[in-house]
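Here is input.pdb, consisting of PDB, C-alpha atoms:
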```pdb
ATOM      1  CA  MET A 373     -24.103 -43.482 -23.798
ATOM      2  CA  GLU A 374     -24.188 -39.744 -23.499
ATOM      3  CA  LYS A 375     -24.443 -38.701 -19.917
ATOM      4  CA  LYS A 376     -25.589 -35.263 -18.953
ATOM      5  CA  LEU A 377     -23.521 -33.461 -16.376
ATOM      6  CA  PRO A 378     -25.255 -32.436 -13.173
ATOM      7  CA  ASN A 379     -26.289 -28.788 -12.966
ATOM      8  CA  VAL A 380     -23.426 -28.076 -10.580
ATOM      9  CA  TYR A 381     -20.883 -28.387 -13.406
ATOM     10  CA  VAL A 382     -22.779 -26.330 -15.957
ATOM     11  CA  ASN A 383     -21.260 -22.928 -16.727
ATOM     12  CA  ASN A 384     -24.023 -20.335 -16.454
ATOM     13  CA  SER A 385     -22.263 -17.334 -17.976
ATOM     14  CA  ALA A 386     -20.140 -18.314 -20.949
ATOM     15  CA  GLU A 387     -20.282 -14.767 -22.347
ATOM     16  CA  ASN A 388     -17.389 -13.245 -20.333
ATOM     17  CA  VAL A 389     -14.904 -16.082 -20.715
ATOM     18  CA  ASN A 390     -12.777 -14.449 -23.455
ATOM     19  CA  GLY A 391     -11.251 -11.647 -21.375
ATOM     20  CA  ASN A 392     -11.266 -13.359 -18.010
ATOM     21  CA  ASN A 393      -7.597 -14.372 -17.825
ATOM     22  CA  LYS A 394      -6.417 -11.014 -19.099
ATOM     23  CA  SER A 395      -8.450  -9.035 -16.568
ATOM     24  CA  VAL A 396      -7.324 -11.209 -13.660
ATOM     25  CA  TYR A 397      -3.681 -11.026 -14.729
ATOM     26  CA  TYR A 398      -3.643  -7.251 -15.171
ATOM     27  CA  SER A 399      -5.517  -6.593 -11.952
ATOM     28  CA  PHE A 400      -2.777  -8.508 -10.160
ATOM     29  CA  LEU A 401      -0.123  -6.245 -11.684
ATOM     30  CA  ASP A 402      -2.087  -3.109 -10.748
ATOM     31  CA  ASN A 403      -2.264  -4.192  -7.111
ATOM     32  CA  LYS A 404       1.445  -4.950  -7.110
ATOM     33  CA  LYS A 405       2.311  -1.466  -8.448
ATOM     34  CA  LYS A 406       0.194   0.224  -5.768
ATOM     35  CA  ASN A 407       1.994  -1.672  -3.006
ATOM     36  CA  VAL A 408       5.420  -0.817  -4.429
ATOM     37  CA  ASN A 409       4.617   2.914  -4.480
ATOM     38  CA  LYS A 410       3.383   2.745  -0.899
ATOM     39  CA  LYS A 411       6.566   0.946   0.110
ATOM     40  CA  TYR A 412       8.773   3.664  -1.381
ATOM     41  CA  ASN A 413       6.740   6.347   0.364
ATOM     42  CA  SER A 414       7.154   4.465   3.618
ATOM     43  CA  ILE A 415      10.911   4.276   3.084
ATOM     44  CA  ASP A 416      11.056   8.029   2.425
ATOM     45  CA  ILE A 417       9.109   8.745   5.615
ATOM     46  CA  ARG A 418      11.404   6.464   7.608
ATOM     47  CA  ASN A 419      14.455   8.272   6.172
ATOM     48  CA  LYS A 420      12.980  11.632   7.182
ATOM     49  CA  ILE A 421      12.336  10.318  10.692
ATOM     50  CA  ASN A 422      15.913   9.053  10.940
ATOM     51  CA  GLU A 423      17.203  12.456   9.817
ATOM     52  CA  ILE A 424      15.136  14.151  12.530
ATOM     53  CA  PHE A 425      16.583  11.923  15.240
ATOM     54  CA  ASN A 426      20.147  12.266  13.881
ATOM     55  CA  ARG A 427      20.141  16.090  13.899
ATOM     56  CA  SER A 428      22.647  17.776  16.170
ATOM     57  CA  GLU A 429      19.942  19.839  17.933
ATOM     58  CA  TYR A 430      17.987  16.710  18.943
ATOM     59  CA  ASN A 431      18.513  16.083  22.663
ATOM     60  CA  TYR A 432      15.534  14.089  23.836
ATOM     61  CA  LYS A 433      12.574  15.573  21.957
ATOM     62  CA  ALA A 434      11.845  17.029  18.538
ATOM     63  CA  LYS A 435       9.004  19.336  17.546
ATOM     64  CA  VAL A 436       7.606  18.263  14.162
ATOM     65  CA  ASN A 437       4.588  18.782  11.916
ATOM     66  CA  ILE A 438       2.932  15.519  10.887
ATOM     67  CA  ILE A 439       0.487  15.122   7.997
ATOM     68  CA  TYR A 440      -1.614  11.988   8.439
ATOM     69  CA  SER A 441      -3.158   9.844   5.713
ATOM     70  CA  ASN A 442      -6.646  11.144   6.586
ATOM     71  CA  GLY A 443      -5.528  14.714   5.746
ATOM     72  CA  GLU A 444      -5.135  15.891   9.339
ATOM     73  CA  GLU A 445      -2.074  17.982  10.172
ATOM     74  CA  LYS A 446      -0.768  18.157  13.741
ATOM     75  CA  GLU A 447       2.209  19.592  15.540
ATOM     76  CA  GLU A 448       3.701  16.929  17.797
ATOM     77  CA  ILE A 449       6.661  16.647  20.131
ATOM     78  CA  ILE A 450       8.343  13.319  19.414
ATOM     79  CA  VAL A 451      10.430  11.623  22.064
ATOM     80  CA  SER A 452      11.397   8.263  20.579
ATOM     81  CA  LYS A 453      10.856   5.916  17.680
ATOM     82  CA  ASN A 454      10.290   2.255  17.115
ATOM     83  CA  TYR A 455      10.136   0.393  13.811
ATOM     84  CA  ASP A 456       6.329   0.665  13.620
ATOM     85  CA  TYR A 457       5.518   3.824  15.528
ATOM     86  CA  LEU A 458       6.700   7.100  17.025
ATOM     87  CA  LEU A 459       6.123   8.033  20.653
ATOM     88  CA  ASN A 460       5.088  11.586  21.493
ATOM     89  CA  ILE A 461       5.718  13.380  24.782
ATOM     90  CA  LYS A 462       2.230  12.466  26.065
ATOM     91  CA  GLY A 463       3.003   8.772  25.648
ATOM     92  CA  GLU A 464       0.726   8.268  22.642
ATOM     93  CA  ARG A 465       1.787   6.050  19.763
ATOM     94  CA  ILE A 466       1.767   7.450  16.222
ATOM     95  CA  LEU A 467       1.845   4.718  13.582
ATOM     96  CA  ILE A 468       4.400   5.418  10.863
ATOM     97  CA  ASP A 469       2.141   3.776   8.249
ATOM     98  CA  ASN A 470      -0.473   6.503   8.887
ATOM     99  CA  ILE A 471       2.005   9.324   8.174
ATOM    100  CA  ILE A 472       2.181  10.913   4.716
ATOM    101  CA  ASP A 473       4.730  13.641   5.488
ATOM    102  CA  ILE A 474       6.776  14.803   8.451
ATOM    103  CA  ASN A 475       8.774  18.034   8.838
TER
END
```

Take the structure I supplied and represent it as structure tokens, if you would.
Amino acid sequence: MEKKLPNVYVNNSAENVNGNNKSVYYSFLDNKKKNVNKKYNSIDIRNKINEIFNRSEYNYKAKVNIIYSNGEEKEEIIVSKNYDYLLNIKGERILIDNIIDIN
């Protein structure tokens, strides 16, 4: 009474089964570490932005140098901030997630 399984249930590549769980588990940890580092960088950028807006010489605009994640560096005049973005004097939104450094 031996029944053969249909071809759908047959494992085609039984060669790579030994390290499968280990590679999946460790890749999960690697992705988690990358996100944590990005989160800390984001917190540092947000602290720098808060320091800029809390300076005594800030009236309604601040002139800053922004380094973006694509490597571009621009001098901007920032008027206000939101949780997700900064607003420059031209009315353009600058996403905080795209900023690497601000001075």

key: Nearest to Leu458 (chain A) by atom-to-atom distance, counting all atoms listed in the file, from A:Gly443, A:Lys375, A:Tyr432, A:Ile421   =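 So, comparing all the options, the nearest one is A:Ile421.
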
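One finds CA of Ile417 (chain A) at 20.8 Å from CA of Asn431 (chain A).
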
ask   = Smallest atom-to-atom distance to Ile424 (chain A): which of A:Lys376, A:Lys446, A:Lys453, A:Lys462, using only C-alpha atoms?
value =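 Under the stated criterion, the closest residue is A:Lys453.
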
ask   = In Å to one decimal, how far is CA of Ile439 (chain A) from CA of Ile471 (chain A)?
value =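 These atoms are spaced 6.0 Å apart.
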
task = Can you work out which one of A:Ile474, A:Ile449, A:Val436, A:Ile415 has the shortest atom-to-atom distance to Ile461 (chain A), counting all atoms listed in the file?
result =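 Of A:Ile474, A:Ile449, A:Val436, A:Ile415, the one nearest Ile461 (chain A), counting all atoms listed in the file, is A:Ile449.
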
inquiry  = As an exercise, work out the distance from CA of Ala434 (chain A) to CA of Asn413 (chain A) in Å and give it to one decimal place.
reply    = 21.7 Å

remark   = Using all atoms listed in the file, the shortest atom-to-atom distance to Ser452 (chain A) among A:Ile438, A:Arg465, A:Lys420, A:Asp473 belongs to A:Arg465

inquiry  = Please determine, counting only C-alpha atoms, which residue among A:Ser428, A:Ser441, A:Ser414, A:Glu447 has the shortest atom-to-atom distance to Asn475 (chain A).
reply    =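 Of all the options, A:Glu447 lies closest to Asn475 (chain A).
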
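Each of A:Gly463, A:Asn470, A:Tyr457, A:Asn419 was compared to Glu445 (chain A) using only C-alpha atoms, and A:Asn470 turns out to be the nearest.
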